[in-house]
Amino acid sequence: MKALPRKTIFGQPSWTLATDRVTAAVTQTGGHLAPVHFRLGRRTVQPFAIAPWWNEKLAAGTPPILRVLRGDFFGLPFGGNATPYRGRRHPVHGDTANGRWRLAGVEAQHGTVTLRLHMDLQTFPGQVEKRITLVPGHTAVYQEHIVTGVDAPTSLGHHATLQFPDQPGAGYFSTSRCIHAQVFVEPAENPEAGGYSLLQPGAVIKDITRVPTITGGWADLSRYPARRGYTDVAIFCADPALPVAWSAVALPGEGYAWFSLRDPQVLASTLCWMSNNGRHYPPWSSRHQNVMGVEDITGFFHCGAAESARPNGLSRRGVQTSLTPTTRQPLHVRYIMGVVAIPKAFGRVRDIAVAADQVTLVGAAGARVASAVDTGFIQGS
């Protein structure tokens, strides 16, 4: 095992790992992955949001997840977890997003570097091993979480949080083929508490560019930033027959697109959290803006373990909303995030063609850009 000293990055003790194309930081508390700098030719891009209160003294009782909030993290159980589950009270997005990770090892071979972290769960029995791998020549991050010993069905997933330019409609959001899409079934925010949402609760999404709002109008969820002053949530449930599901954000003005790849049998849906100054209560205080969570999960929206494990409106539609890891059969959650350079006329990502050693992003008008990616990682090959 190689020693890997921690550095304080945006206020949090973090481990860093790097190749010729990627430099990534991972916080000890919560295992949040950010900042991540990707080198595209002569320039570097950093797509992830970092909460603006990272250097502030927050109120006593503020959960660790909010103190650290940045980039991508793994939630188990994923969601708010406000409802006790089998007599247990889980924190928001679970121990994995709040607790302290222990360094288990660093491996380097032929330029490929893997960071291994370990956590013994507190509110569930069981353990999680986190593996983050960078490959030379690849502008991608490979993550694997190995979950063992959990004794009940649970929600889980990744919470990638992207920072958009301060320009309306600068980015394009898209996903692979879905079997269902829907606005969260309740108002995402409560005005009495200082939060505001605009989309019509429970609306089934037939056209992502025409989603009903509570004012009688329509919202286009394919373009962002939008709807300043509101925070909204919608879910896009992938076709489970796909060998690889994807989510993508194209930023043509910035010259790149971000994408994620996953097995839809393990991470069934993409939860889209549109945070654009819709929360006026601390620590948000109307300053978390132009941020979108592109959260690849298995769960009933962002509710938590209890709501995801029991029959719900998504599971009745054939959408998987919980999984059960066991000691005898560990659950492997594999996930790839990457970026690729795109031309200004690229528009939205219409499709991602997956080959063994690369992905090809197809733009709205047919432009194609390729990036080296070991897509066999998703299936463990």
# chains A, B, ... in the order shown; residues from 1 in each chain; ligands from 1

$ residues_around --residues "Asn81 of chain A" --least-positions-apart "5" --cutoff "7 Å" --atoms "only C-alpha atoms" --output "ChimeraX atom specification"
/A:90-92,303-305

$ residues_around --residues "Gly75 of chain A" --least-positions-apart "4" --cutoff "10 Å" --atoms "only C-alpha atoms" --output "PyMOL selection string"
chain A and resi 30-31+79+91-98+155-159+297+304

$ residues_around --residues "His110 of chain A" --least-positions-apart "2" --cutoff "10 Å" --atoms "only C-alpha atoms" --output "list in words"
Ala108, Thr112, Val113, Val135 and Pro136 of chain A

$ write_last_selection --atoms "N, CA and C atoms" --output "PDB file, in the first residue's frame"
ATOM      1  N   ALA A 108      -0.883   1.735  -8.499  1.00  0.00           N
ATOM      2  CA  ALA A 108      -0.442   2.387  -9.735  1.00  0.00           C
ATOM      3  C   ALA A 108       0.272   1.368 -10.601  1.00  0.00           C
ATOM      4  N   THR A 112      -1.933   3.798 -14.875  1.00  0.00           N
ATOM      5  CA  THR A 112      -3.275   3.751 -14.298  1.00  0.00           C
ATOM      6  C   THR A 112      -3.164   3.806 -12.782  1.00  0.00           C
ATOM      7  N   VAL A 113      -3.990   4.635 -12.162  1.00  0.00           N
ATOM      8  CA  VAL A 113      -3.940   4.793 -10.711  1.00  0.00           C
ATOM      9  C   VAL A 113      -5.333   4.555 -10.137  1.00  0.00           C
ATOM     10  N   VAL A 135      -7.231   6.511 -15.894  1.00  0.00           N
ATOM     11  CA  VAL A 135      -6.476   5.787 -16.918  1.00  0.00           C
ATOM     12  C   VAL A 135      -5.764   6.799 -17.809  1.00  0.00           C
ATOM     13  N   PRO A 136      -4.485   6.631 -18.056  1.00  0.00           N
ATOM     14  CA  PRO A 136      -3.777   7.588 -18.904  1.00  0.00           C
ATOM     15  C   PRO A 136      -4.405   7.680 -20.292  1.00  0.00           C
TER      16      PRO A 136
END

$ closest_residue --among "A:Glu107, A:Glu192, A:Glu144, A:Asp351" --to "Trp246 of chain A" --atoms "only C-alpha atoms"
A:Asp351

$ closest_atom_pairs --of "segment 234-301 of chain A" --to "segment 58-67 of chain A" --cutoff "10 Å" --atoms "only C-alpha atoms" --output "Markdown table"
| residue | atom | partner | partner_atom | distance |
| --- | --- | --- | --- | --- |
| A:Pro282 | CA | A:Leu58 | CA | 8.6 |
| A:Pro283 | CA | A:Leu58 | CA | 7.2 |
| A:Trp284 | CA | A:Leu66 | CA | 9.5 |

$ select_by_dssp --residues "segment 175-342 of chain A" --states "strand (DSSP E or B)" --output "compact mmCIF listing (two decimals) with N, CA and C atoms, in the first residue's frame"
# COMPACT_ATOMS: atom_id res chain seq x y z
N THR A 175 -30.77 12.28 -22.04
CA THR A 175 -30.54 10.93 -21.51
C THR A 175 -30.76 9.90 -22.61
N CYS A 178 -35.84 6.21 -22.41
CA CYS A 178 -36.54 6.05 -21.12
C CYS A 178 -37.85 5.29 -21.31
N ILE A 179 -38.28 4.64 -20.23
CA ILE A 179 -39.61 4.01 -20.22
C ILE A 179 -40.62 4.87 -19.47
N HIS A 180 -40.12 5.87 -18.72
CA HIS A 180 -41.01 6.74 -17.95
C HIS A 180 -40.22 7.96 -17.52
N ALA A 181 -40.90 9.11 -17.45
CA ALA A 181 -40.30 10.33 -16.92
C ALA A 181 -41.39 11.12 -16.22
N GLN A 182 -41.03 11.76 -15.09
CA GLN A 182 -42.06 12.38 -14.26
C GLN A 182 -41.46 13.43 -13.35
N VAL A 183 -42.22 14.50 -13.13
CA VAL A 183 -41.89 15.48 -12.10
C VAL A 183 -42.13 14.85 -10.74
N GLY A 195 -38.60 27.94 0.45
CA GLY A 195 -38.19 27.27 -0.78
C GLY A 195 -39.30 27.31 -1.81
N LEU A 199 -42.44 23.42 -11.26
CA LEU A 199 -43.04 22.38 -12.08
C LEU A 199 -44.27 21.78 -11.40
N VAL A 204 -46.52 13.71 -15.62
CA VAL A 204 -45.81 12.74 -16.45
C VAL A 204 -45.22 13.48 -17.65
N VAL A 211 -43.04 20.73 -20.34
CA VAL A 211 -43.43 20.17 -19.05
C VAL A 211 -44.30 21.19 -18.32
N PRO A 212 -45.47 20.80 -17.82
CA PRO A 212 -46.39 21.78 -17.21
C PRO A 212 -45.85 22.36 -15.90
N THR A 213 -46.19 23.63 -15.66
CA THR A 213 -45.82 24.32 -14.44
C THR A 213 -47.07 24.65 -13.63
N TRP A 218 -45.49 26.30 -19.48
CA TRP A 218 -44.68 25.13 -19.84
C TRP A 218 -43.21 25.43 -19.60
N ALA A 219 -42.45 24.39 -19.28
CA ALA A 219 -41.01 24.52 -19.06
C ALA A 219 -40.28 23.56 -19.97
N ARG A 223 -33.05 22.51 -21.59
CA ARG A 223 -32.13 23.63 -21.60
C ARG A 223 -31.99 24.19 -20.18
N TYR A 224 -30.74 24.55 -19.85
CA TYR A 224 -30.45 25.02 -18.50
C TYR A 224 -29.18 25.85 -18.55
N TYR A 230 -36.15 29.10 -8.54
CA TYR A 230 -36.86 27.86 -8.25
C TYR A 230 -35.89 26.68 -8.15
N THR A 231 -36.31 25.68 -7.38
CA THR A 231 -35.62 24.39 -7.31
C THR A 231 -36.64 23.31 -7.65
N ASP A 232 -36.32 22.49 -8.64
CA ASP A 232 -37.26 21.46 -9.08
C ASP A 232 -36.56 20.13 -9.26
N VAL A 233 -37.36 19.05 -9.25
CA VAL A 233 -36.85 17.69 -9.36
C VAL A 233 -37.71 16.90 -10.34
N ALA A 234 -37.05 16.18 -11.25
CA ALA A 234 -37.76 15.27 -12.16
C ALA A 234 -36.90 14.02 -12.32
N ILE A 235 -37.54 12.92 -12.70
CA ILE A 235 -36.82 11.66 -12.86
C ILE A 235 -37.03 11.12 -14.27
N PHE A 236 -35.96 10.50 -14.80
CA PHE A 236 -35.98 9.90 -16.13
C PHE A 236 -35.52 8.45 -15.98
N CYS A 237 -36.44 7.50 -16.21
CA CYS A 237 -36.21 6.09 -15.91
C CYS A 237 -35.79 5.36 -17.18
N ALA A 238 -34.56 4.86 -17.17
CA ALA A 238 -33.98 4.25 -18.36
C ALA A 238 -34.66 2.95 -18.74
N ALA A 245 -26.80 2.56 -20.16
CA ALA A 245 -27.59 3.78 -20.15
C ALA A 245 -26.66 4.97 -19.97
N TRP A 246 -27.10 6.13 -20.44
CA TRP A 246 -26.25 7.32 -20.33
C TRP A 246 -27.07 8.56 -20.00
N SER A 247 -26.36 9.53 -19.43
CA SER A 247 -26.88 10.88 -19.22
C SER A 247 -25.82 11.84 -19.73
N ALA A 248 -26.23 13.02 -20.18
CA ALA A 248 -25.25 13.94 -20.75
C ALA A 248 -25.69 15.38 -20.59
N VAL A 249 -24.70 16.24 -20.47
CA VAL A 249 -24.89 17.70 -20.51
C VAL A 249 -23.90 18.26 -21.52
N ALA A 250 -24.41 18.91 -22.54
CA ALA A 250 -23.55 19.56 -23.54
C ALA A 250 -23.51 21.05 -23.27
N LEU A 251 -22.30 21.59 -23.28
CA LEU A 251 -22.08 23.03 -23.09
C LEU A 251 -21.31 23.55 -24.31
N TYR A 256 -17.32 21.80 -24.52
CA TYR A 256 -17.23 20.41 -24.07
C TYR A 256 -18.59 19.87 -23.65
N ALA A 257 -18.65 18.54 -23.57
CA ALA A 257 -19.82 17.86 -23.03
C ALA A 257 -19.37 16.93 -21.91
N TRP A 258 -20.22 16.81 -20.89
CA TRP A 258 -20.03 15.86 -19.79
C TRP A 258 -21.00 14.71 -20.02
N PHE A 259 -20.56 13.49 -19.70
CA PHE A 259 -21.45 12.35 -19.85
C PHE A 259 -21.21 11.34 -18.73
N SER A 260 -22.21 10.50 -18.48
CA SER A 260 -22.07 9.39 -17.54
C SER A 260 -22.60 8.13 -18.20
N LEU A 261 -22.01 6.99 -17.80
CA LEU A 261 -22.41 5.68 -18.32
C LEU A 261 -22.67 4.75 -17.15
N ARG A 262 -23.67 3.85 -17.31
CA ARG A 262 -24.03 2.96 -16.20
C ARG A 262 -24.80 1.75 -16.73
N SER A 269 -32.31 4.91 -12.95
CA SER A 269 -32.90 6.19 -13.34
C SER A 269 -31.91 7.33 -13.21
N THR A 270 -32.23 8.43 -13.86
CA THR A 270 -31.50 9.68 -13.68
C THR A 270 -32.43 10.68 -13.01
N LEU A 271 -32.07 11.10 -11.82
CA LEU A 271 -32.82 12.13 -11.10
C LEU A 271 -32.21 13.48 -11.44
N CYS A 272 -33.01 14.38 -11.94
CA CYS A 272 -32.53 15.69 -12.34
C CYS A 272 -32.95 16.72 -11.29
N TRP A 273 -31.98 17.26 -10.58
CA TRP A 273 -32.20 18.27 -9.53
C TRP A 273 -31.74 19.62 -10.08
N MET A 274 -32.71 20.51 -10.30
CA MET A 274 -32.42 21.81 -10.89
C MET A 274 -32.44 22.86 -9.79
N SER A 275 -31.26 23.25 -9.33
CA SER A 275 -31.10 24.16 -8.19
C SER A 275 -30.66 25.52 -8.69
N ASN A 276 -31.62 26.45 -8.73
CA ASN A 276 -31.34 27.77 -9.29
C ASN A 276 -31.92 28.87 -8.41
N ARG A 279 -33.86 28.05 -2.95
CA ARG A 279 -33.86 27.85 -1.50
C ARG A 279 -33.32 29.09 -0.81
N VAL A 291 -27.01 25.37 -10.98
CA VAL A 291 -26.49 24.05 -10.63
C VAL A 291 -27.54 22.99 -10.99
N MET A 292 -27.06 21.90 -11.59
CA MET A 292 -27.94 20.77 -11.89
C MET A 292 -27.31 19.50 -11.36
N GLY A 293 -28.07 18.76 -10.55
CA GLY A 293 -27.67 17.42 -10.16
C GLY A 293 -28.15 16.44 -11.22
N VAL A 294 -27.21 15.73 -11.83
CA VAL A 294 -27.53 14.67 -12.80
C VAL A 294 -27.21 13.37 -12.07
N GLU A 295 -28.21 12.83 -11.39
CA GLU A 295 -28.01 11.84 -10.33
C GLU A 295 -28.49 10.47 -10.80
N ASP A 296 -27.56 9.60 -11.11
CA ASP A 296 -27.89 8.27 -11.61
C ASP A 296 -28.10 7.33 -10.42
N ILE A 297 -29.33 6.87 -10.26
CA ILE A 297 -29.74 6.24 -9.01
C ILE A 297 -30.64 5.03 -9.26
N THR A 298 -30.88 4.29 -8.19
CA THR A 298 -32.02 3.40 -8.07
C THR A 298 -32.76 3.84 -6.82
N LEU A 323 -32.44 -2.05 -4.25
CA LEU A 323 -31.61 -3.23 -4.43
C LEU A 323 -31.24 -3.76 -3.05
N LEU A 331 -22.75 -6.36 -3.94
CA LEU A 331 -23.28 -5.56 -5.03
C LEU A 331 -22.18 -4.65 -5.56
N HIS A 332 -21.92 -4.71 -6.86
CA HIS A 332 -20.92 -3.87 -7.51
C HIS A 332 -21.65 -2.77 -8.28
N VAL A 333 -21.42 -1.54 -7.90
CA VAL A 333 -22.04 -0.38 -8.57
C VAL A 333 -20.92 0.31 -9.35
N ARG A 334 -20.93 0.16 -10.66
CA ARG A 334 -19.88 0.71 -11.51
C ARG A 334 -20.44 1.88 -12.31
N TYR A 335 -19.60 2.90 -12.46
CA TYR A 335 -20.09 4.18 -12.98
C TYR A 335 -18.92 4.92 -13.63
N ILE A 336 -19.15 5.46 -14.81
CA ILE A 336 -18.13 6.22 -15.53
C ILE A 336 -18.65 7.63 -15.77
N MET A 337 -17.80 8.62 -15.48
CA MET A 337 -18.08 10.01 -15.85
C MET A 337 -16.92 10.50 -16.71
N GLY A 338 -17.23 11.26 -17.76
CA GLY A 338 -16.16 11.77 -18.60
C GLY A 338 -16.55 13.06 -19.29
N VAL A 339 -15.59 13.67 -19.95
CA VAL A 339 -15.84 14.86 -20.74
C VAL A 339 -15.18 14.68 -22.11
N VAL A 340 -15.68 15.40 -23.09
CA VAL A 340 -15.14 15.36 -24.44
C VAL A 340 -15.32 16.74 -25.07
N ALA A 341 -14.37 17.16 -25.88
CA ALA A 341 -14.46 18.44 -26.58
C ALA A 341 -15.52 18.36 -27.67

$ closest_residue --among "A:Gln109, A:Ser176, A:Ser286, A:Thr114" --to "Val354 of chain A" --atoms "only C-alpha atoms"
A:Ser176

$ select_by_dssp --residues "segment 63-222 of chain A" --states "alpha helix (DSSP H)" --output "list in words"
Pro64, Ile65, Leu66, Arg67 and Val68 of chain A

$ residues_around --residues "Gly41 of chain A" --least-positions-apart "6" --cutoff "12 Å" --atoms "only C-alpha atoms" --output "list in words"
Asp20, Arg21, Val22, Gly137, His138, Thr139, Gly255, Tyr256, Val340, Ala341 and Ile342 of chain A

$ write_last_selection --atoms "N, CA and C atoms" --output "short mmCIF file (atom, residue, chain, number, x, y, z; two decimals), in the first residue's frame"
data_model
loop_
_atom_site.label_atom_id
_atom_site.label_comp_id
_atom_site.auth_asym_id
_atom_site.auth_seq_id
_atom_site.Cartn_x
_atom_site.Cartn_y
_atom_site.Cartn_z
N ASP A 20 -2.16 11.95 -16.88
CA ASP A 20 -1.84 13.01 -17.84
C ASP A 20 -3.05 13.82 -18.24
N ARG A 21 -4.27 13.28 -18.05
CA ARG A 21 -5.48 13.96 -18.52
C ARG A 21 -6.43 14.40 -17.41
N VAL A 22 -6.30 13.82 -16.21
CA VAL A 22 -7.27 14.10 -15.14
C VAL A 22 -6.55 14.28 -13.82
N GLY A 137 -4.48 8.91 -20.81
CA GLY A 137 -5.07 9.13 -22.12
C GLY A 137 -6.58 9.25 -22.12
N HIS A 138 -7.23 8.96 -20.99
CA HIS A 138 -8.69 9.00 -20.91
C HIS A 138 -9.14 10.23 -20.11
N THR A 139 -10.08 10.98 -20.65
CA THR A 139 -10.68 12.08 -19.89
C THR A 139 -11.95 11.55 -19.23
N GLY A 255 -17.35 24.57 -25.05
CA GLY A 255 -16.54 23.70 -25.88
C GLY A 255 -16.41 22.27 -25.39
N TYR A 256 -17.32 21.80 -24.52
CA TYR A 256 -17.23 20.41 -24.07
C TYR A 256 -18.59 19.87 -23.65
N VAL A 340 -15.68 15.40 -23.09
CA VAL A 340 -15.14 15.36 -24.44
C VAL A 340 -15.32 16.74 -25.07
N ALA A 341 -14.37 17.16 -25.88
CA ALA A 341 -14.46 18.44 -26.58
C ALA A 341 -15.52 18.36 -27.67
N ILE A 342 -16.32 19.43 -27.82
CA ILE A 342 -17.34 19.50 -28.87
C ILE A 342 -17.26 20.86 -29.56
#

$ closest_residue --among "A:Val68, A:Leu162, A:Leu40, A:Ala193" --to "Ser285 of chain A" --atoms "only C-alpha atoms"
A:Ala193

$ residues_around --residues "segment 366-368 of chain A" --least-positions-apart "6" --cutoff "10 Å" --atoms "only C-alpha atoms" --output "number ranges by chain"
A: 342-343, 345-347, 349-353, 360

$ atom_distance --atom1 "atom CA of Pro330 of chain A" --atom2 "atom CA of Thr148 of chain A"
4.7 Å

$ closest_residue --among "A:Ile378, A:Ala309, A:Leu198, A:Leu314" --to "Ala226 of chain A" --atoms "only C-alpha atoms"
A:Leu198

$ closest_residue --among "A:Arg100, A:Pro84, A:Glu189, A:Asp220" --to "Ile208 of chain A" --atoms "only C-alpha atoms"
A:Asp220
